[in-house]
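The data block below is input_19.cif; it holds mmCIF, C-alpha atoms and all ligand atoms.
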data_input
loop_
_atom_site.label_atom_id
_atom_site.label_comp_id
_atom_site.auth_asym_id
_atom_site.auth_seq_id
_atom_site.Cartn_x
_atom_site.Cartn_y
_atom_site.Cartn_z
CA MET A 1 -16.23 9.24 20.86
CA ASP A 2 -18.64 10.94 18.50
CA GLU A 3 -17.87 13.68 15.99
CA THR A 4 -18.88 16.51 18.34
CA THR A 5 -16.68 15.59 21.32
CA ARG A 6 -13.58 14.30 19.52
CA PRO A 7 -11.01 17.12 19.16
CA HIS A 8 -9.99 17.65 15.56
CA LEU A 9 -6.49 16.56 14.71
CA ASP A 10 -6.04 20.13 13.51
CA THR A 11 -6.38 21.36 17.11
CA ILE A 12 -4.15 18.62 18.49
CA PHE A 13 -1.40 19.39 15.94
CA ARG A 14 -1.65 23.15 16.55
CA ARG A 15 -1.24 22.67 20.31
CA LEU A 16 1.64 20.24 19.81
CA ILE A 17 3.49 22.55 17.41
CA ALA A 18 2.91 25.56 19.69
CA ALA A 19 4.31 23.61 22.64
CA THR A 20 7.23 21.75 21.07
CA GLY A 21 7.90 23.29 17.64
CA PRO A 22 7.35 21.98 14.09
CA ILE A 23 6.78 18.24 13.58
CA SER A 24 8.34 16.13 10.83
CA VAL A 25 6.41 15.38 7.63
CA ALA A 26 6.56 11.68 8.62
CA HIS A 27 5.04 12.37 12.05
CA TYR A 28 2.34 14.54 10.46
CA MET A 29 1.48 11.88 7.84
CA ALA A 30 1.48 8.98 10.33
CA GLU A 31 -0.90 10.70 12.76
CA ALA A 32 -3.10 12.13 10.02
CA ASN A 33 -3.63 8.76 8.34
CA ALA A 34 -4.11 6.85 11.62
CA HIS A 35 -6.87 9.35 12.47
CA TYR A 36 -8.30 9.29 8.94
CA TYR A 37 -8.62 5.49 8.66
CA ALA A 38 -9.80 5.00 12.24
CA HIS A 39 -12.98 6.97 11.77
CA ARG A 40 -14.41 6.13 8.36
CA ASP A 41 -14.70 3.83 5.38
CA PRO A 42 -12.88 5.92 2.77
CA LEU A 43 -13.46 3.56 -0.16
CA GLY A 44 -15.96 3.55 -2.99
CA SER A 45 -17.91 6.15 -4.89
CA ALA A 46 -19.45 7.60 -1.71
CA GLY A 47 -16.02 7.77 -0.05
CA ASP A 48 -12.86 9.63 -0.96
CA PHE A 49 -11.15 7.22 -3.35
CA ILE A 50 -11.65 3.90 -5.12
CA THR A 51 -9.21 1.01 -5.33
CA ALA A 52 -8.78 -1.82 -7.85
CA PRO A 53 -10.65 -4.52 -5.86
CA GLU A 54 -13.59 -2.11 -5.50
CA ILE A 55 -13.67 -1.55 -9.27
CA SER A 56 -14.20 -5.22 -10.13
CA GLN A 57 -14.14 -8.72 -8.65
CA MET A 58 -11.76 -9.63 -11.51
CA PHE A 59 -8.86 -7.95 -9.70
CA GLY A 60 -9.07 -10.10 -6.55
CA GLU A 61 -9.80 -13.20 -8.65
CA MET A 62 -6.58 -12.75 -10.66
CA ILE A 63 -4.65 -12.46 -7.40
CA GLY A 64 -6.32 -15.62 -6.07
CA LEU A 65 -5.39 -17.51 -9.25
CA TRP A 66 -1.82 -16.24 -9.08
CA LEU A 67 -1.50 -17.42 -5.46
CA ALA A 68 -3.11 -20.79 -6.17
CA ASP A 69 -0.83 -21.40 -9.16
CA LEU A 70 2.32 -20.61 -7.19
CA TRP A 71 1.17 -22.62 -4.17
CA THR A 72 0.38 -25.61 -6.43
CA ARG A 73 3.81 -25.48 -8.06
CA ALA A 74 5.41 -25.15 -4.61
CA GLY A 75 3.92 -28.57 -3.73
CA LYS A 76 0.68 -27.44 -2.03
CA PRO A 77 2.17 -26.88 1.44
CA ASP A 78 -0.45 -27.33 4.15
CA PRO A 79 -0.96 -25.49 6.45
CA CYS A 80 -0.33 -22.18 4.80
CA HIS A 81 -1.21 -18.60 5.84
CA TYR A 82 -2.95 -15.97 3.71
CA VAL A 83 -1.78 -12.63 5.09
CA GLU A 84 -3.13 -9.32 3.87
CA LEU A 85 -1.84 -5.89 4.87
CA GLY A 86 -4.50 -3.16 4.96
CA PRO A 87 -7.42 -5.17 3.54
CA GLY A 88 -9.82 -2.17 3.34
CA ARG A 89 -13.36 -3.50 2.99
CA GLY A 90 -12.13 -7.09 2.64
CA THR A 91 -13.19 -7.25 -1.00
CA LEU A 92 -9.82 -8.36 -2.38
CA ALA A 93 -9.49 -11.13 0.22
CA ALA A 94 -13.04 -12.37 -0.40
CA ASP A 95 -12.56 -12.48 -4.21
CA ALA A 96 -9.04 -13.94 -4.05
CA LEU A 97 -9.88 -16.65 -1.52
CA ARG A 98 -13.02 -17.68 -3.43
CA ALA A 99 -10.98 -18.06 -6.63
CA ALA A 100 -8.12 -19.86 -4.83
CA ALA A 101 -10.48 -22.33 -3.14
CA ARG A 102 -11.46 -23.72 -6.57
CA TYR A 103 -7.88 -24.99 -6.82
CA GLY A 104 -7.87 -26.49 -3.33
CA LEU A 105 -6.08 -23.59 -1.61
CA SER A 106 -7.84 -22.84 1.68
CA PRO A 107 -5.26 -21.12 3.90
CA THR A 108 -5.74 -19.74 7.40
CA ILE A 109 -6.46 -16.01 7.12
CA HIS A 110 -4.55 -13.25 8.88
CA LEU A 111 -5.55 -9.63 8.31
CA VAL A 112 -3.30 -6.79 9.44
CA GLU A 113 -5.60 -3.82 9.89
CA GLY A 114 -5.21 -0.69 12.03
CA SER A 115 -8.76 0.62 11.69
CA GLU A 116 -11.62 -0.72 13.86
CA GLU A 117 -14.12 0.67 11.40
CA LEU A 118 -12.62 -1.32 8.51
CA ARG A 119 -12.12 -4.43 10.66
CA ALA A 120 -15.88 -4.45 11.24
CA MET A 121 -16.47 -4.46 7.46
CA GLN A 122 -13.87 -7.19 6.94
CA ARG A 123 -15.55 -9.32 9.63
CA MET A 124 -18.78 -9.30 7.64
CA ARG A 125 -17.07 -10.52 4.46
CA ILE A 126 -14.44 -12.98 5.59
CA ALA A 127 -15.32 -15.90 7.83
CA GLY A 128 -12.81 -17.28 10.29
CA ALA A 129 -10.11 -14.61 9.88
CA HIS A 130 -7.66 -13.51 12.57
CA TRP A 131 -6.85 -9.81 12.99
CA HIS A 132 -3.52 -8.22 13.85
CA ASP A 133 -2.35 -4.68 14.56
CA THR A 134 0.98 -5.35 12.88
CA LEU A 135 2.73 -8.13 10.98
CA GLU A 136 4.71 -8.91 14.15
CA THR A 137 2.00 -11.15 15.67
CA VAL A 138 1.18 -13.16 12.51
CA PRO A 139 2.23 -16.81 13.07
CA GLN A 140 5.59 -17.86 11.66
CA ASP A 141 4.99 -21.62 11.69
CA ALA A 142 3.98 -22.15 8.03
CA PRO A 143 4.57 -20.64 4.57
CA MET A 144 2.83 -17.32 3.95
CA LEU A 145 1.04 -15.93 0.94
CA LEU A 146 1.08 -12.19 1.60
CA VAL A 147 -0.85 -9.58 -0.35
CA ALA A 148 -0.69 -5.78 0.01
CA ASN A 149 -2.70 -3.58 -2.34
CA GLU A 150 -2.49 0.18 -1.78
CA PHE A 151 -1.04 -0.39 1.68
CA PHE A 152 2.52 0.92 1.35
CA ASP A 153 1.37 4.21 -0.19
CA ALA A 154 -0.45 5.05 3.06
CA LEU A 155 2.67 4.63 5.20
CA PRO A 156 4.48 7.80 6.32
CA VAL A 157 7.27 9.30 4.22
CA ARG A 158 10.13 11.36 5.50
CA HIS A 159 11.23 14.42 3.51
CA ILE A 160 14.78 15.70 3.26
CA VAL A 161 15.08 19.15 1.70
CA ALA A 162 18.13 20.92 0.26
CA THR A 163 18.85 24.39 1.68
CA GLU A 164 21.75 26.82 1.13
CA GLN A 165 23.11 25.50 4.45
CA GLY A 166 22.83 21.80 3.57
CA TRP A 167 20.17 19.08 3.72
CA ARG A 168 17.51 19.36 6.43
CA GLU A 169 14.51 17.37 7.64
CA ARG A 170 11.34 18.89 6.14
CA MET A 171 8.94 19.84 8.93
CA VAL A 172 5.35 21.00 9.29
CA ALA A 173 4.88 24.35 11.07
CA HIS A 174 1.80 26.47 11.82
CA ASP A 175 1.81 30.21 11.21
CA GLY A 176 -1.32 31.00 13.23
CA GLU A 177 -3.62 30.39 10.27
CA ARG A 178 -2.48 27.31 8.47
CA PHE A 179 -0.03 24.42 8.44
CA LEU A 180 2.92 24.82 6.12
CA PRO A 181 6.06 22.85 5.29
CA ILE A 182 9.41 24.41 6.24
CA ALA A 183 13.03 23.29 6.32
CA GLY A 184 13.86 22.20 9.86
CA GLU A 185 17.11 22.61 11.72
CA ARG A 186 18.30 19.03 11.89
CA PRO A 187 21.13 18.41 9.37
CA LEU A 188 20.57 15.24 7.36
CA ASP A 189 23.38 15.51 4.80
CA THR A 190 24.62 12.01 5.56
CA LEU A 191 21.28 10.44 4.52
CA VAL A 192 21.37 11.87 0.99
CA PRO A 193 22.35 9.46 -1.81
CA GLU A 194 25.51 10.48 -3.65
CA ILE A 195 23.69 11.11 -6.97
CA PHE A 196 21.56 13.85 -5.37
CA ALA A 197 24.16 15.40 -3.07
CA GLN A 198 24.68 18.46 -5.31
CA ALA A 199 20.99 19.11 -6.04
CA PRO A 200 19.88 22.77 -5.86
CA ALA A 201 18.20 24.35 -2.82
CA GLY A 202 14.55 23.38 -2.60
CA THR A 203 15.07 19.83 -3.89
CA ILE A 204 13.15 17.27 -1.85
CA ILE A 205 14.12 13.65 -1.34
CA GLU A 206 11.41 11.32 -0.11
CA THR A 207 12.11 8.14 1.82
CA SER A 208 9.86 5.83 3.78
CA PRO A 209 11.57 4.25 6.78
CA ALA A 210 8.20 2.76 7.82
CA SER A 211 7.84 1.00 4.46
CA ALA A 212 11.42 -0.20 4.59
CA ALA A 213 10.89 -1.69 8.06
CA ILE A 214 7.82 -3.65 6.92
CA ALA A 215 9.49 -4.78 3.68
CA PHE A 216 12.45 -5.96 5.74
CA GLU A 217 10.15 -7.95 8.06
CA ILE A 218 8.35 -9.53 5.06
CA ALA A 219 11.66 -10.60 3.51
CA ARG A 220 12.95 -11.92 6.82
CA ARG A 221 9.83 -14.04 7.23
CA LEU A 222 9.95 -15.34 3.65
CA LYS A 223 13.46 -16.50 4.25
CA GLN A 224 12.43 -18.31 7.40
CA GLN A 225 8.87 -19.54 6.77
CA HIS A 226 8.90 -19.50 2.91
CA GLY A 227 6.19 -18.34 0.56
CA THR A 228 5.58 -15.17 -1.39
CA ALA A 229 4.52 -11.54 -1.04
CA LEU A 230 2.61 -9.76 -3.80
CA ILE A 231 2.79 -5.98 -3.51
CA ILE A 232 0.69 -3.70 -5.70
CA ASP A 233 0.77 0.06 -5.49
CA TYR A 234 1.39 3.19 -7.42
CA GLY A 235 5.03 4.07 -7.54
CA TYR A 236 8.35 4.13 -9.33
CA ALA A 237 11.49 2.04 -9.69
CA GLU A 238 14.28 4.52 -10.50
CA PRO A 239 15.68 6.99 -7.95
CA ARG A 240 13.97 10.39 -8.20
CA THR A 241 13.60 13.64 -6.33
CA GLY A 242 10.50 15.65 -5.41
CA SER A 243 7.61 15.24 -3.01
CA SER A 244 4.89 12.83 -4.09
CA LEU A 245 2.83 13.46 -0.96
CA GLN A 246 -0.77 13.97 -1.98
CA ALA A 247 -4.12 14.35 -0.29
CA VAL A 248 -7.45 13.21 -1.68
CA LYS A 249 -10.95 14.12 -0.52
CA ASP A 250 -14.17 13.28 -2.37
CA HIS A 251 -12.13 11.95 -5.33
CA GLU A 252 -10.34 15.34 -5.73
CA LYS A 253 -6.73 16.25 -4.97
CA VAL A 254 -6.48 18.76 -2.12
CA ASP A 255 -3.65 20.43 -0.15
CA PRO A 256 -1.92 17.76 2.00
CA PHE A 257 -1.18 20.37 4.67
CA SER A 258 -4.76 21.43 5.29
CA ASN A 259 -7.39 19.47 7.19
CA PRO A 260 -5.07 16.81 8.67
CA GLY A 261 -6.89 13.58 9.50
CA GLU A 262 -9.82 14.42 7.21
CA THR A 263 -8.14 13.64 3.86
CA ASP A 264 -6.37 10.55 2.56
CA LEU A 265 -2.61 11.12 2.49
CA SER A 266 -0.47 8.95 0.26
CA ALA A 267 2.91 8.92 -1.43
CA LEU A 268 4.38 6.96 -4.33
CA VAL A 269 6.03 3.67 -3.38
CA ASN A 270 9.74 3.24 -4.13
CA PHE A 271 9.87 -0.23 -5.72
CA GLY A 272 13.63 0.05 -6.15
CA ASP A 273 13.96 0.13 -2.36
CA LEU A 274 11.65 -2.88 -1.94
CA GLY A 275 13.80 -4.83 -4.41
CA ARG A 276 17.06 -3.91 -2.66
CA ILE A 277 15.62 -4.88 0.72
CA ALA A 278 14.53 -8.30 -0.63
CA GLU A 279 17.78 -9.00 -2.41
CA ALA A 280 19.86 -8.02 0.62
CA GLN A 281 18.20 -10.99 2.37
CA GLU A 282 18.56 -13.28 -0.63
CA ILE A 283 14.88 -13.21 -1.42
CA ASP A 284 13.94 -13.34 -5.12
CA PHE A 285 12.37 -10.14 -6.37
CA SER A 286 10.18 -9.99 -9.50
CA GLY A 287 9.01 -6.80 -11.16
CA PRO A 288 7.89 -4.18 -10.86
CA VAL A 289 5.72 -4.49 -13.95
CA GLY A 290 2.68 -2.40 -14.83
CA GLN A 291 -0.60 -3.60 -13.33
CA GLY A 292 -2.11 -3.70 -16.84
CA PHE A 293 0.64 -5.95 -18.18
CA TRP A 294 0.46 -8.24 -15.14
CA LEU A 295 -3.33 -8.63 -15.25
CA ARG A 296 -3.35 -9.24 -19.02
CA THR A 297 -0.58 -11.83 -18.76
CA LEU A 298 -2.63 -13.67 -16.15
CA GLY A 299 -5.64 -13.71 -18.46
CA ILE A 300 -7.94 -10.98 -17.17
CA GLU A 301 -9.34 -10.49 -20.68
CA HIS A 302 -10.55 -14.12 -20.75
CA ARG A 303 -12.09 -13.69 -17.31
CA ALA A 304 -13.87 -10.52 -18.49
CA ALA A 305 -15.21 -12.35 -21.56
CA ALA A 306 -16.48 -15.24 -19.41
CA LEU A 307 -18.20 -12.89 -16.97
CA ALA A 308 -19.75 -10.90 -19.81
CA SER A 309 -21.16 -14.01 -21.50
CA SER A 310 -22.76 -15.22 -18.27
CA SER A 311 -24.32 -11.82 -17.50
CA PRO A 312 -24.93 -9.92 -20.75
CA ASP A 313 -26.61 -7.00 -18.92
CA ALA A 314 -23.30 -6.24 -17.19
CA GLN A 315 -21.25 -6.25 -20.39
CA ALA A 316 -20.65 -2.50 -20.50
CA ASP A 317 -19.68 -2.38 -16.81
CA ILE A 318 -17.25 -5.27 -17.22
CA ALA A 319 -15.62 -3.63 -20.25
CA SER A 320 -15.29 -0.34 -18.40
CA ALA A 321 -13.79 -2.04 -15.32
CA LEU A 322 -11.30 -3.91 -17.50
CA HIS A 323 -10.30 -0.62 -19.12
CA ARG A 324 -9.82 1.14 -15.76
CA LEU A 325 -7.71 -1.66 -14.33
CA THR A 326 -5.46 -2.21 -17.35
CA ASP A 327 -5.32 0.78 -19.71
CA HIS A 328 -2.05 2.72 -19.67
CA ALA A 329 -3.92 6.02 -19.26
CA GLU A 330 -5.82 4.62 -16.26
CA MET A 331 -4.32 2.27 -13.61
CA GLY A 332 -2.36 0.09 -16.06
CA ASP A 333 1.07 1.75 -15.89
CA LEU A 334 1.12 3.98 -12.83
CA PHE A 335 0.14 1.03 -10.63
CA LYS A 336 2.85 -1.58 -10.43
CA VAL A 337 3.10 -5.15 -9.25
CA CYS A 338 6.10 -6.85 -7.67
CA ALA A 339 6.67 -10.09 -5.79
CA MET A 340 9.13 -11.23 -3.17
CA THR A 341 9.49 -15.01 -3.15
CA SER A 342 11.59 -17.32 -1.02
CA PRO A 343 14.31 -18.96 -3.16
CA ARG A 344 12.94 -22.44 -2.39
CA TRP A 345 9.70 -21.53 -4.14
CA PRO A 346 9.08 -21.27 -7.91
CA GLN A 347 8.66 -17.85 -9.52
CA GLY A 348 5.20 -16.30 -9.84
CA GLU A 349 3.60 -15.72 -13.23
CA GLY A 350 3.23 -12.35 -14.92
CA PHE A 351 6.66 -10.81 -14.54
CA ASP A 352 8.36 -12.07 -17.68
CA VAL A 353 8.52 -8.98 -19.86
CA THR A 354 10.54 -10.69 -22.61
CA ILE A 355 7.58 -12.65 -24.04
N1 LIG B 1 -6.22 -2.86 0.25
C1 LIG B 1 -7.50 -2.20 0.27
C2 LIG B 1 -7.51 -0.88 1.08
C3 LIG B 1 -6.50 0.17 0.72
S1 LIG B 1 -6.63 1.58 1.79
C4 LIG B 1 -8.00 -1.98 -1.13
O1 LIG B 1 -7.22 -2.17 -2.05
O2 LIG B 1 -9.16 -1.62 -1.31
C5 LIG B 1 -5.32 1.31 2.96
C6 LIG B 1 -5.60 0.22 3.97
O3 LIG B 1 -4.45 0.10 4.83
C7 LIG B 1 -6.77 0.45 4.90
O4 LIG B 1 -7.35 -0.79 5.20
C8 LIG B 1 -6.10 1.08 6.12
O5 LIG B 1 -6.88 1.04 7.28
C9 LIG B 1 -4.85 0.25 6.21
N2 LIG B 1 -3.70 0.87 6.88
C10 LIG B 1 -3.13 2.06 6.59
N3 LIG B 1 -2.07 2.28 7.37
C11 LIG B 1 -1.96 1.20 8.19
C12 LIG B 1 -1.05 0.83 9.23
N4 LIG B 1 -0.04 1.62 9.57
N5 LIG B 1 -1.24 -0.37 9.84
C13 LIG B 1 -2.26 -1.19 9.48
N6 LIG B 1 -3.15 -0.89 8.51
C14 LIG B 1 -3.01 0.29 7.88
#

Could I get this structure in the form of structure tokens?
Ligand code: SAH
Amino acid sequence: MDETTRPHLDTIFRRLIAATGPISVAHYMAEANAHYYAHRDPLGSAGDFITAPEISQMFGEMIGLWLADLWTRAGKPDPCHYVELGPGRGTLAADALRAAARYGLSPTIHLVEGSEELRAMQRMRIAGAHWHDTLETVPQDAPMLLVANEFFDALPVRHIVATEQGWRERMVAHDGERFLPIAGERPLDTLVPEIFAQAPAGTIIETSPASAAIAFEIARRLKQQHGTALIIDYGYAEPRTGSSLQAVKDHEKVDPFSNPGETDLSALVNFGDLGRIAEAQEIDFSGPVGQGFWLRTLGIEHRAAALASSSPDAQADIASALHRLTDHAEMGDLFKVCAMTSPRWPQGEGFDVTI
């Protein structure tokens, strides 16, 4: 359908809310992002936001080296599956697989991507890949090397809000002019962690059942088929309150409750939850550590120096990319890296903060 005949999600949501009442924040976010990603390439300077692999090839290369090192120490299992969740333009996969191939790692490639538009871009960059709508259909017959960069932050979050009457699901209503969040009627007191139970009215607790379900499936597979999962995203490790739901359009933050489906909605990833989910299934969990620390430990500065000496004209660009990826005021601290690894495998590099 083209832009002129496709009804705006705005209209669809307004009709739905008028007919059946307010919808949950999670429902709103899930539909809005499915619509958003289905109809555009949001990445890069001409898009709405930029991600680490689009900043520099060094990012994907470090991931490729990390995978190849772990795979080598695990005894070079063959066959082996490279699995990426939400590969965007396919840049990370292309850079990582090129770097890994130098060490003899040439896995089969499975890309989990919901957007047809982005699948078309991935097809142009990655030869011989298989595409999946969800992780469910990815083969389970060999160890997997899974990568997810800025995937979990796009998954829907559920909001629980404190009111004078108790904890309620936070919903999205429409007042005739605009969408707005309100406290719903459904009591959710039993879902609130003990430490927050007495929080004042207005406090919001964010959880992501969708992320938890995928993390659970990753851990279950690692236990059964072995391998590792490298997850990189912006997020936090300690329990916290407050909404982190944000919308971005043209590289600017905008109101998440206006223009649904036309802005990128994301929320911080709860790395503490990912760790608990892994450990509950006896999967080793490393991190989270800052992206800057992880990349430096793996030697990104040496890679930058090598690239700069082979193309002196690009020296300033390489230095600026290195700064954006690793500096604490840029992506270095807010973005975090963690790994889930099956206990039969060795531990991945870059998580030892005691050195
Ligand atoms: N990893 C890429 C792209 C990040 S944008 C990069 O770092 O550049 C988020 C990606 O996740 C997009 O490819 C988007 O289409 C995909 N995505 C978001 N929600 C998804 C879902 N529920 N199922 C499958 N893919 C999804």

Please identify the residues whose atoms come within 8 Å of ligand LIG 1 (chain B), using only C-alpha atoms and all ligand atoms, and report them as number ranges by chain. A: 30, 33-34, 37-38, 42-43, 50-54, 85-92, 112-115, 118, 133-134, 148-155

Let me make sure I understand: among A:Ser266, A:Ser45, A:Gln281, A:Thr341, which one has the smallest atom-to-atom distance to Phe216 (chain A) if we use all atoms listed in the file?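 Of the candidates, the smallest distance to Phe216 (chain A) is held by A:Gln281.
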
Spatial neighbours of Thr108 (chain A), 12 Å, only C-alpha atoms, chain gap at least 6 places, as an MDAnalysis selection string: chainID A and resid 78:84 93 97 101 126:131 138:139 141:146

Residues of region 17-92 of chain A at most 12 Å from region 171-180 of chain A: nearest atom pair and distance in Å, only C-alpha atoms, as CSV:
residue,atom,partner,partner_atom,distance
A:Ile17,CA,A:Ala173,CA,6.7
A:Ala18,CA,A:His174,CA,8.0
A:Ala19,CA,A:His174,CA,11.5
A:Thr20,CA,A:Ala173,CA,10.6
A:Gly21,CA,A:Ala173,CA,7.3
A:Pro22,CA,A:Ala173,CA,4.6
A:Ile23,CA,A:Val172,CA,5.3
A:Ser24,CA,A:Met171,CA,4.2
A:Val25,CA,A:Met171,CA,5.3
A:Ala26,CA,A:Met171,CA,8.5
A:His27,CA,A:Met171,CA,9.0
A:Tyr28,CA,A:Val172,CA,7.2
A:Met29,CA,A:Val172,CA,10.0

Hey, could you pull the box centre and edge lengths for region 277-286 of chain A, axis-aligned, 4 Å padding per side, all listed atoms, to one decimal in Å, as lines of an AutoDock Vina configuration file?
center_x = 15.0
center_y = -9.1
center_z = -3.6
size_x = 17.7
size_y = 16.5
size_z = 19.9

What separation in Å, quoted to one decimal, exists between CA of Pro187 (chain A) and CA of Ser208 (chain A)?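 These two atoms are separated by 17.8 Å.
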
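Nearest to Lys249 (chain A) of all the residues A:Asp41, A:Asp48, A:Glu61, A:Asp10 is A:Asp48, counting all atoms listed in the file.
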
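Compared by their closest atoms to Pro260 (chain A), and using all atoms listed in the file, the residues A:Gln246, A:Ala280, A:Ser311, A:Ala96 rank with A:Gln246 nearest.
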
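Every polymer residue reaching to within 12 Å of (-15.3, -1.6, -15.6), counting all atoms listed in the file, appears in this list: Ala52, Pro53, Glu54, Ile55, Ser56, Gln57, Met58, Phe59, Glu301, Ala304, Leu307, Ala308, Ala314, Gln315, Ala316, Asp317, Ile318, Ala319, Ser320, Ala321, Leu322, His323, Arg324, Leu325, Thr326, Asp327, Glu330 and Met331 of chain A.
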
Of the candidates A:Ile63, A:Ala339, A:Leu334, A:Ile283, which shows the shortest atom-to-atom distance to Gln224 (chain A), using all atoms listed in the file? A:Ile283

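With CA of Pro193 (chain A) on one side and CA of Gly290 (chain A) on the other, the separation reads 26.4 Å.
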
Between A:Ser243, A:His226, A:Trp294, A:His132, which has the minimum distance to Val161 (chain A) (counting only C-alpha atoms)?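 Looking only at the distances to Val161 (chain A), the closest residue turns out to be A:Ser243.
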
Given all atoms listed in the file as the counted atoms, nearest of A:Pro181, A:Gly275, A:Pro288, A:Gly75 to Phe257 (chain A):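 With all atoms listed in the file as the atom set, the closest residue is A:Pro181.
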
Give me, please, the distance in Å between CA of Arg102 (chain A) and CA of Arg303 (chain A), quoted to one decimal.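 Interatomic distance, CA of Arg102 (chain A) to CA of Arg303 (chain A): 14.7 Å.
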